[in-house]
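Novice: Here you go, input_35.pdb (PDB, C-alpha atoms):
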ATOM      1  CA  MET A   1      77.467 116.169  89.083  1.00  0.00           C
ATOM      2  CA  GLY A   2      76.588 112.470  89.365  1.00  0.00           C
ATOM      3  CA  THR A   3      74.455 110.846  92.012  1.00  0.00           C
ATOM      4  CA  VAL A   4      76.073 109.738  95.289  1.00  0.00           C
ATOM      5  CA  HIS A   5      75.548 106.046  96.068  1.00  0.00           C
ATOM      6  CA  SER A   6      76.445 103.696  98.890  1.00  0.00           C
ATOM      7  CA  VAL A   7      77.914 100.270  98.228  1.00  0.00           C
ATOM      8  CA  GLY A   8      75.080  97.776  97.943  1.00  0.00           C
ATOM      9  CA  ASP A   9      72.678 100.106  96.145  1.00  0.00           C
ATOM     10  CA  THR A  10      70.959  98.282  93.311  1.00  0.00           C
ATOM     11  CA  VAL A  11      72.379  99.014  89.885  1.00  0.00           C
ATOM     12  CA  GLY A  12      69.800  99.880  87.234  1.00  0.00           C
ATOM     13  CA  ASP A  13      69.224  97.777  84.125  1.00  0.00           C
ATOM     14  CA  GLY A  14      70.296 100.514  81.717  1.00  0.00           C
ATOM     15  CA  LYS A  15      73.699  99.982  80.110  1.00  0.00           C
ATOM     16  CA  SER A  16      76.293 102.707  79.796  1.00  0.00           C
ATOM     17  CA  THR A  17      78.665 103.262  76.915  1.00  0.00           C
ATOM     18  CA  PHE A  18      82.136 104.342  77.958  1.00  0.00           C
ATOM     19  CA  ALA A  19      84.875 106.337  76.285  1.00  0.00           C
ATOM     20  CA  ASP A  20      85.796 103.835  73.576  1.00  0.00           C
ATOM     21  CA  GLY A  21      82.232 102.761  72.849  1.00  0.00           C
ATOM     22  CA  ALA A  22      82.434  99.616  74.965  1.00  0.00           C
ATOM     23  CA  GLU A  23      79.710  98.524  77.365  1.00  0.00           C
ATOM     24  CA  VAL A  24      82.210  97.782  80.154  1.00  0.00           C
ATOM     25  CA  PRO A  25      84.661 100.337  81.588  1.00  0.00           C
ATOM     26  CA  ARG A  26      88.373 100.161  80.796  1.00  0.00           C
ATOM     27  CA  VAL A  27      90.188 100.013  84.149  1.00  0.00           C
ATOM     28  CA  VAL A  28      93.720 100.391  85.494  1.00  0.00           C
ATOM     29  CA  ILE A  29      94.378  98.723  88.877  1.00  0.00           C
ATOM     30  CA  VAL A  30      96.885 100.517  91.124  1.00  0.00           C
ATOM     31  CA  ASP A  31      98.014  98.691  94.280  1.00  0.00           C
ATOM     32  CA  ASP A  32     101.481  97.920  95.635  1.00  0.00           C
ATOM     33  CA  HIS A  33     100.693  94.215  96.157  1.00  0.00           C
ATOM     34  CA  ARG A  34     100.856  92.183  92.959  1.00  0.00           C
ATOM     35  CA  LEU A  35      98.961  89.269  94.520  1.00  0.00           C
ATOM     36  CA  PHE A  36      96.131  91.582  95.537  1.00  0.00           C
ATOM     37  CA  ARG A  37      95.948  93.062  92.025  1.00  0.00           C
ATOM     38  CA  SER A  38      95.685  89.547  90.630  1.00  0.00           C
ATOM     39  CA  GLY A  39      92.896  88.746  93.078  1.00  0.00           C
ATOM     40  CA  VAL A  40      90.955  91.857  92.083  1.00  0.00           C
ATOM     41  CA  ARG A  41      91.283  90.915  88.414  1.00  0.00           C
ATOM     42  CA  GLY A  42      89.857  87.502  89.175  1.00  0.00           C
ATOM     43  CA  GLU A  43      86.971  88.889  91.234  1.00  0.00           C
ATOM     44  CA  LEU A  44      85.986  91.413  88.562  1.00  0.00           C
ATOM     45  CA  GLY A  45      86.027  88.871  85.751  1.00  0.00           C
ATOM     46  CA  ASP A  46      84.467  90.209  82.559  1.00  0.00           C
ATOM     47  CA  ALA A  47      82.560  93.003  84.325  1.00  0.00           C
ATOM     48  CA  VAL A  48      85.404  95.350  83.327  1.00  0.00           C
ATOM     49  CA  GLU A  49      88.311  95.386  80.908  1.00  0.00           C
ATOM     50  CA  VAL A  50      91.574  95.668  82.844  1.00  0.00           C
ATOM     51  CA  VAL A  51      93.975  97.508  80.534  1.00  0.00           C
ATOM     52  CA  GLY A  52      96.881  98.002  82.937  1.00  0.00           C
ATOM     53  CA  GLU A  53      98.320  97.642  86.430  1.00  0.00           C
ATOM     54  CA  ALA A  54     100.837  99.527  88.563  1.00  0.00           C
ATOM     55  CA  GLY A  55     102.422  99.157  91.995  1.00  0.00           C
ATOM     56  CA  ASP A  56     103.788 102.633  92.770  1.00  0.00           C
ATOM     57  CA  VAL A  57     103.145 106.274  91.963  1.00  0.00           C
ATOM     58  CA  ASP A  58     105.517 106.679  89.010  1.00  0.00           C
ATOM     59  CA  ALA A  59     104.381 103.456  87.348  1.00  0.00           C
ATOM     60  CA  ALA A  60     100.739 104.397  87.943  1.00  0.00           C
ATOM     61  CA  VAL A  61     101.100 107.792  86.257  1.00  0.00           C
ATOM     62  CA  ARG A  62     102.903 106.195  83.325  1.00  0.00           C
ATOM     63  CA  VAL A  63     100.362 103.392  82.808  1.00  0.00           C
ATOM     64  CA  ILE A  64      97.334 105.663  83.243  1.00  0.00           C
ATOM     65  CA  THR A  65      98.720 108.201  80.788  1.00  0.00           C
ATOM     66  CA  GLU A  66      99.494 105.476  78.264  1.00  0.00           C
ATOM     67  CA  HIS A  67      96.115 103.713  78.392  1.00  0.00           C
ATOM     68  CA  HIS A  68      93.797 106.599  79.351  1.00  0.00           C
ATOM     69  CA  PRO A  69      91.259 104.312  81.079  1.00  0.00           C
ATOM     70  CA  ASP A  70      87.670 105.157  81.995  1.00  0.00           C
ATOM     71  CA  LEU A  71      88.504 104.512  85.657  1.00  0.00           C
ATOM     72  CA  VAL A  72      91.485 103.945  87.922  1.00  0.00           C
ATOM     73  CA  LEU A  73      91.037 101.638  90.921  1.00  0.00           C
ATOM     74  CA  LEU A  74      93.444 103.328  93.314  1.00  0.00           C
ATOM     75  CA  ASP A  75      95.038 102.213  96.572  1.00  0.00           C
ATOM     76  CA  VAL A  76      95.492 105.072  99.033  1.00  0.00           C
ATOM     77  CA  HIS A  77      98.917 104.070 100.359  1.00  0.00           C
ATOM     78  CA  LEU A  78     101.517 103.652  97.632  1.00  0.00           C
ATOM     79  CA  PRO A  79     105.301 103.938  97.409  1.00  0.00           C
ATOM     80  CA  GLY A  80     106.309 107.291  95.967  1.00  0.00           C
ATOM     81  CA  GLY A  81     103.759 109.613  97.557  1.00  0.00           C
ATOM     82  CA  GLY A  82     100.487 107.735  97.915  1.00  0.00           C
ATOM     83  CA  GLY A  83      97.237 107.807  96.000  1.00  0.00           C
ATOM     84  CA  VAL A  84      96.885 111.564  96.442  1.00  0.00           C
ATOM     85  CA  GLU A  85     100.079 112.085  94.435  1.00  0.00           C
ATOM     86  CA  VAL A  86      98.715 109.936  91.596  1.00  0.00           C
ATOM     87  CA  LEU A  87      95.532 112.021  91.600  1.00  0.00           C
ATOM     88  CA  ARG A  88      97.480 115.271  91.552  1.00  0.00           C
ATOM     89  CA  ARG A  89      99.714 114.290  88.662  1.00  0.00           C
ATOM     90  CA  VAL A  90      97.102 112.609  86.483  1.00  0.00           C
ATOM     91  CA  LEU A  91      94.122 114.926  86.929  1.00  0.00           C
ATOM     92  CA  ALA A  92      96.213 117.993  86.135  1.00  0.00           C
ATOM     93  CA  LYS A  93      96.512 116.713  82.549  1.00  0.00           C
ATOM     94  CA  HIS A  94      93.583 114.285  82.257  1.00  0.00           C
ATOM     95  CA  PRO A  95      90.664 115.645  84.305  1.00  0.00           C
ATOM     96  CA  ASP A  96      88.195 113.315  82.566  1.00  0.00           C
ATOM     97  CA  ILE A  97      89.660 110.137  84.109  1.00  0.00           C
ATOM     98  CA  ARG A  98      87.628 108.853  87.061  1.00  0.00           C
ATOM     99  CA  PHE A  99      89.189 107.454  90.236  1.00  0.00           C
ATOM    100  CA  LEU A 100      87.739 105.022  92.769  1.00  0.00           C
ATOM    101  CA  ALA A 101      89.822 104.509  95.911  1.00  0.00           C
ATOM    102  CA  LEU A 102      90.080 100.936  97.236  1.00  0.00           C
ATOM    103  CA  SER A 103      91.907 100.653 100.544  1.00  0.00           C
ATOM    104  CA  VAL A 104      92.260  98.631 103.725  1.00  0.00           C
ATOM    105  CA  SER A 105      92.026 101.941 105.605  1.00  0.00           C
ATOM    106  CA  ASP A 106      88.682 103.342 106.700  1.00  0.00           C
ATOM    107  CA  ALA A 107      90.219 106.332 108.493  1.00  0.00           C
ATOM    108  CA  ALA A 108      88.498 109.671 107.979  1.00  0.00           C
ATOM    109  CA  GLU A 109      91.688 111.506 107.005  1.00  0.00           C
ATOM    110  CA  ASP A 110      92.436 108.974 104.260  1.00  0.00           C
ATOM    111  CA  VAL A 111      88.920 109.165 102.849  1.00  0.00           C
ATOM    112  CA  ILE A 112      88.798 112.952 102.937  1.00  0.00           C
ATOM    113  CA  GLY A 113      92.316 113.278 101.535  1.00  0.00           C
ATOM    114  CA  VAL A 114      91.664 111.334  98.338  1.00  0.00           C
ATOM    115  CA  VAL A 115      88.208 112.837  97.821  1.00  0.00           C
ATOM    116  CA  ARG A 116      89.688 116.315  98.076  1.00  0.00           C
ATOM    117  CA  GLY A 117      92.354 115.110  95.663  1.00  0.00           C
ATOM    118  CA  GLY A 118      89.716 114.243  93.082  1.00  0.00           C
ATOM    119  CA  ALA A 119      88.554 110.651  93.682  1.00  0.00           C
ATOM    120  CA  ARG A 120      84.829 110.125  93.073  1.00  0.00           C
ATOM    121  CA  GLY A 121      84.441 107.215  95.453  1.00  0.00           C
ATOM    122  CA  TYR A 122      86.058 105.247  98.260  1.00  0.00           C
ATOM    123  CA  VAL A 123      85.429 101.624  99.209  1.00  0.00           C
ATOM    124  CA  THR A 124      87.266  99.333 101.597  1.00  0.00           C
ATOM    125  CA  LYS A 125      88.885  95.985 100.800  1.00  0.00           C
ATOM    126  CA  THR A 126      86.137  94.108 102.655  1.00  0.00           C
ATOM    127  CA  ILE A 127      83.907  94.747  99.612  1.00  0.00           C
ATOM    128  CA  SER A 128      82.689  91.778  97.560  1.00  0.00           C
ATOM    129  CA  GLY A 129      83.670  91.290  93.940  1.00  0.00           C
ATOM    130  CA  LYS A 130      80.134  92.022  92.713  1.00  0.00           C
ATOM    131  CA  GLU A 131      79.858  95.169  94.818  1.00  0.00           C
ATOM    132  CA  LEU A 132      83.240  96.351  93.554  1.00  0.00           C
ATOM    133  CA  ALA A 133      82.237  95.777  89.930  1.00  0.00           C
ATOM    134  CA  ASP A 134      79.002  97.711  90.516  1.00  0.00           C
ATOM    135  CA  ALA A 135      80.921 100.557  92.171  1.00  0.00           C
ATOM    136  CA  ILE A 136      83.378 100.747  89.267  1.00  0.00           C
ATOM    137  CA  VAL A 137      80.576 100.973  86.711  1.00  0.00           C
ATOM    138  CA  ARG A 138      78.789 103.682  88.700  1.00  0.00           C
ATOM    139  CA  VAL A 139      81.871 105.842  89.185  1.00  0.00           C
ATOM    140  CA  ALA A 140      82.996 105.400  85.574  1.00  0.00           C
ATOM    141  CA  ASP A 141      79.500 106.495  84.555  1.00  0.00           C
ATOM    142  CA  GLY A 142      79.771 109.713  86.576  1.00  0.00           C
ATOM    143  CA  ASP A 143      78.280 108.832  89.961  1.00  0.00           C
ATOM    144  CA  ALA A 144      79.996 108.863  93.357  1.00  0.00           C
ATOM    145  CA  VAL A 145      80.126 105.706  95.482  1.00  0.00           C
ATOM    146  CA  PHE A 146      81.197 105.195  99.094  1.00  0.00           C
ATOM    147  CA  SER A 147      81.092 102.395 101.606  1.00  0.00           C
ATOM    148  CA  PRO A 148      78.161 103.361 103.891  1.00  0.00           C
ATOM    149  CA  ARG A 149      80.207 104.345 106.959  1.00  0.00           C
ATOM    150  CA  LEU A 150      82.617 106.415 104.873  1.00  0.00           C
ATOM    151  CA  ALA A 151      79.961 108.566 103.234  1.00  0.00           C
ATOM    152  CA  GLY A 152      79.429 110.302 106.581  1.00  0.00           C
ATOM    153  CA  PHE A 153      83.096 111.355 106.729  1.00  0.00           C
ATOM    154  CA  VAL A 154      82.784 113.036 103.356  1.00  0.00           C
ATOM    155  CA  LEU A 155      79.550 114.818 104.192  1.00  0.00           C
ATOM    156  CA  ASP A 156      80.936 116.031 107.522  1.00  0.00           C
ATOM    157  CA  ALA A 157      84.183 117.225 105.968  1.00  0.00           C
ATOM    158  CA  PHE A 158      82.637 119.156 103.126  1.00  0.00           C
ATOM    159  CA  SER A 159      79.887 120.676 105.249  1.00  0.00           C
ATOM    160  CA  ALA A 160      82.416 121.970 107.785  1.00  0.00           C
ATOM    161  CA  THR A 161      83.716 125.514 107.472  1.00  0.00           C
ATOM    162  CA  ASP A 162      87.213 124.587 108.581  1.00  0.00           C
ATOM    163  CA  ALA A 163      89.527 121.774 107.579  1.00  0.00           C
ATOM    164  CA  PRO A 164      90.356 119.152 110.237  1.00  0.00           C
ATOM    165  CA  PRO A 165      93.246 120.244 112.451  1.00  0.00           C
ATOM    166  CA  MET A 166      96.690 118.835 111.711  1.00  0.00           C
ATOM    167  CA  ASP A 167      98.216 116.411 114.196  1.00  0.00           C
ATOM    168  CA  PRO A 168     102.022 116.834 114.356  1.00  0.00           C
ATOM    169  CA  GLU A 169     102.481 113.513 116.164  1.00  0.00           C
ATOM    170  CA  LEU A 170     100.436 111.572 113.622  1.00  0.00           C
ATOM    171  CA  ASP A 171     102.267 113.316 110.796  1.00  0.00           C
ATOM    172  CA  ARG A 172     105.534 111.724 111.983  1.00  0.00           C
ATOM    173  CA  LEU A 173     104.231 108.320 110.918  1.00  0.00           C
ATOM    174  CA  THR A 174     104.376 106.918 107.413  1.00  0.00           C
ATOM    175  CA  GLN A 175     101.153 105.779 105.750  1.00  0.00           C
ATOM    176  CA  ARG A 176     102.010 102.121 106.386  1.00  0.00           C
ATOM    177  CA  GLU A 177     102.800 102.828 110.045  1.00  0.00           C
ATOM    178  CA  ARG A 178      99.364 104.446 110.380  1.00  0.00           C
ATOM    179  CA  GLU A 179      97.702 101.357 108.929  1.00  0.00           C
ATOM    180  CA  VAL A 180      99.547  99.091 111.371  1.00  0.00           C
ATOM    181  CA  LEU A 181      98.781 101.469 114.246  1.00  0.00           C
ATOM    182  CA  ARG A 182      95.029 101.376 113.616  1.00  0.00           C
ATOM    183  CA  LEU A 183      94.866  97.605 113.363  1.00  0.00           C
ATOM    184  CA  ILE A 184      96.978  97.040 116.476  1.00  0.00           C
ATOM    185  CA  ALA A 185      94.840  99.576 118.353  1.00  0.00           C
ATOM    186  CA  ARG A 186      91.750  97.598 117.334  1.00  0.00           C
ATOM    187  CA  GLY A 187      93.176  94.506 119.005  1.00  0.00           C
ATOM    188  CA  TYR A 188      94.545  92.662 115.974  1.00  0.00           C
ATOM    189  CA  ALA A 189      97.356  90.168 116.663  1.00  0.00           C
ATOM    190  CA  TYR A 190     100.559  90.604 114.667  1.00  0.00           C
ATOM    191  CA  LYS A 191      99.650  87.635 112.438  1.00  0.00           C
ATOM    192  CA  GLU A 192      96.230  89.165 111.741  1.00  0.00           C
ATOM    193  CA  VAL A 193      97.795  92.515 110.841  1.00  0.00           C
ATOM    194  CA  ALA A 194     100.243  90.768 108.518  1.00  0.00           C
ATOM    195  CA  LYS A 195      97.409  88.936 106.750  1.00  0.00           C
ATOM    196  CA  GLU A 196      95.278  92.076 106.452  1.00  0.00           C
ATOM    197  CA  LEU A 197      98.080  94.174 104.960  1.00  0.00           C
ATOM    198  CA  PHE A 198      99.764  91.418 102.913  1.00  0.00           C
ATOM    199  CA  ILE A 199     103.080  91.824 104.740  1.00  0.00           C
ATOM    200  CA  SER A 200     105.198  89.564 106.958  1.00  0.00           C
ATOM    201  CA  VAL A 201     104.897  89.319 110.739  1.00  0.00           C
ATOM    202  CA  LYS A 202     108.503  90.535 110.961  1.00  0.00           C
ATOM    203  CA  THR A 203     107.562  93.655 109.007  1.00  0.00           C
ATOM    204  CA  VAL A 204     104.624  94.265 111.343  1.00  0.00           C
ATOM    205  CA  GLU A 205     106.960  94.036 114.337  1.00  0.00           C
ATOM    206  CA  THR A 206     109.329  96.521 112.694  1.00  0.00           C
ATOM    207  CA  HIS A 207     106.518  98.998 112.046  1.00  0.00           C
ATOM    208  CA  VAL A 208     105.171  98.682 115.604  1.00  0.00           C
ATOM    209  CA  SER A 209     108.639  99.335 117.040  1.00  0.00           C
ATOM    210  CA  SER A 210     108.991 102.392 114.808  1.00  0.00           C
ATOM    211  CA  VAL A 211     105.579 103.741 115.837  1.00  0.00           C
ATOM    212  CA  LEU A 212     106.325 103.274 119.539  1.00  0.00           C
ATOM    213  CA  ARG A 213     109.666 105.040 119.130  1.00  0.00           C
ATOM    214  CA  LYS A 214     108.273 107.983 117.166  1.00  0.00           C
ATOM    215  CA  LEU A 215     105.348 108.497 119.556  1.00  0.00           C
ATOM    216  CA  GLN A 216     107.494 107.845 122.634  1.00  0.00           C
ATOM    217  CA  LEU A 217     105.198 105.077 123.871  1.00  0.00           C
ATOM    218  CA  SER A 218     106.218 101.952 125.761  1.00  0.00           C
ATOM    219  CA  ASN A 219     103.824  99.214 124.645  1.00  0.00           C
ATOM    220  CA  ARG A 220     100.782  98.384 122.532  1.00  0.00           C
ATOM    221  CA  HIS A 221      98.388  99.224 125.389  1.00  0.00           C
ATOM    222  CA  GLU A 222      99.665 102.810 125.460  1.00  0.00           C
ATOM    223  CA  LEU A 223      99.481 102.819 121.669  1.00  0.00           C
ATOM    224  CA  SER A 224      95.821 101.773 121.794  1.00  0.00           C
ATOM    225  CA  ARG A 225      94.987 104.538 124.264  1.00  0.00           C
ATOM    226  CA  TRP A 226      96.832 107.059 122.093  1.00  0.00           C
ATOM    227  CA  ALA A 227      94.901 106.003 118.972  1.00  0.00           C
ATOM    228  CA  THR A 228      91.566 105.934 120.789  1.00  0.00           C
ATOM    229  CA  ALA A 229      92.075 109.443 122.151  1.00  0.00           C
ATOM    230  CA  ARG A 230      92.512 110.688 118.577  1.00  0.00           C
ATOM    231  CA  LYS A 231      89.505 108.708 117.319  1.00  0.00           C
ATOM    232  CA  LEU A 232      91.656 106.666 114.938  1.00  0.00           C
ATOM    233  CA  VAL A 233      90.116 103.339 115.975  1.00  0.00           C
TER
END
Show the structure stored in the file as structure tokens.

Specialist:
Amino acid sequence: MGTVHSVGDTVGDGKSTFADGAEVPRVVIVDDHRLFRSGVRGELGDAVEVVGEAGDVDAAVRVITEHHPDLVLLDVHLPGGGGVEVLRRVLAKHPDIRFLALSVSDAAEDVIGVVRGGARGYVTKTISGKELADAIVRVADGDAVFSPRLAGFVLDAFSATDAPPMDPELDRLTQREREVLRLIARGYAYKEVAKELFISVKTVETHVSSVLRKLQLSNRHELSRWATARKLV
């Protein structure tokens, strides 16, 4: 098993050779926002070779199977079942492919879910381009990499004897509604949520209304208290 690293650890000078003999890893980027995928490509530059992209679960499985990359940069929340579904379908047939989760979410259940699904690392979208490139190389080379705060979630989860209890109320929400919920509970304005998640303000309003209805809450203040009580903030 590879070494566990935190983002920001210094990368050694030794070069790795990946599956096709190249000195940079072959990567597939999976995220449901095309503009974000383009931005990641630009940030990574020639540190990796991007061999494919996908925006939902079915497309991701198809592209990954076709190109068989060294590493998949995987968003957690995707149309069609989420990142966990991509992990389940790909790793069943291609257990040698490495996955690094890249998400706006830093919630413990998201981190633990994809790690249990087979991802070897999890970093948030606040990461710099250089740090992301370093993380990709490390994970493709067999190590595990986590944003510093998230490493604690993983250690706690896998040292516990019991899995975290299920929350029926939280389970009523879609993955996107959970993302909006956490940001609103942290005090983000609708415009800030829209910018963070690459969606429109109108879509944010729709998600907030849906969350309030499903949880039977009246306003964002009650929503914040609800999220805080469950340690989602």

Novice: The PyMOL selection byres ((chain A and resi 110-112) around 8) on the file shown: which residues, as a ChimeraX atom specification?

Specialist: /A:76,105-109,113-116,122,150,153-154,157

Novice: Using the chain letters and numbers from the file, which residues does the PyMOL selection byres ((chain A and resi 173-185) around 9) grab, as a ChimeraX atom specification?

Specialist: /A:76-78,82,104-105,107,169-172,186-190,192-194,196-197,204,207-208,210-211,214-215,220-221,223-228,232-233

Novice: Keeping only C-alpha atoms, write those residues as a compact mmCIF listing (two decimals), in the coordinates of the input.

Specialist:
# COMPACT_ATOMS: atom_id res chain seq x y z
CA VAL A 76 95.49 105.07 99.03
CA HIS A 77 98.92 104.07 100.36
CA LEU A 78 101.52 103.65 97.63
CA GLY A 82 100.49 107.74 97.92
CA VAL A 104 92.26 98.63 103.72
CA SER A 105 92.03 101.94 105.60
CA ALA A 107 90.22 106.33 108.49
CA GLU A 169 102.48 113.51 116.16
CA LEU A 170 100.44 111.57 113.62
CA ASP A 171 102.27 113.32 110.80
CA ARG A 172 105.53 111.72 111.98
CA ARG A 186 91.75 97.60 117.33
CA GLY A 187 93.18 94.51 119.00
CA TYR A 188 94.54 92.66 115.97
CA ALA A 189 97.36 90.17 116.66
CA TYR A 190 100.56 90.60 114.67
CA GLU A 192 96.23 89.16 111.74
CA VAL A 193 97.80 92.52 110.84
CA ALA A 194 100.24 90.77 108.52
CA GLU A 196 95.28 92.08 106.45
CA LEU A 197 98.08 94.17 104.96
CA VAL A 204 104.62 94.26 111.34
CA HIS A 207 106.52 99.00 112.05
CA VAL A 208 105.17 98.68 115.60
CA SER A 210 108.99 102.39 114.81
CA VAL A 211 105.58 103.74 115.84
CA LYS A 214 108.27 107.98 117.17
CA LEU A 215 105.35 108.50 119.56
CA ARG A 220 100.78 98.38 122.53
CA HIS A 221 98.39 99.22 125.39
CA LEU A 223 99.48 102.82 121.67
CA SER A 224 95.82 101.77 121.79
CA ARG A 225 94.99 104.54 124.26
CA TRP A 226 96.83 107.06 122.09
CA ALA A 227 94.90 106.00 118.97
CA THR A 228 91.57 105.93 120.79
CA LEU A 232 91.66 106.67 114.94
CA VAL A 233 90.12 103.34 115.98

Novice: Measuring atom to atom with only C-alpha atoms, identify which of A:Glu23, A:Glu205, A:Asp58, A:Glu131 is nearest to Val40 (chain A).

Specialist: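 The shortest atom-to-atom distance to Val40 (chain A) comes from A:Glu131.
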
Novice: Applied to the shown file, which residues does the PyMOL selection byres ((chain A and resi 29) around 8) return, written as a VMD selection string?

Specialist: chain A and resid 27 to 28 30 to 31 37 50 52 to 54 72 to 74

Novice: What is the CA of Ala59 (chain A)-CA of Ile136 (chain A) distance in Å, reported with one decimal?

Specialist: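 Between CA of Ala59 (chain A) and CA of Ile136 (chain A) the gap works out to 21.3 Å.
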
Novice: A:Ser147, A:Ser200, A:Asn219, A:Ser128: which is nearest Glu43 (chain A), counting all atoms listed in the file?

Specialist: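 Closest residue, counting all atoms listed in the file: A:Ser128.
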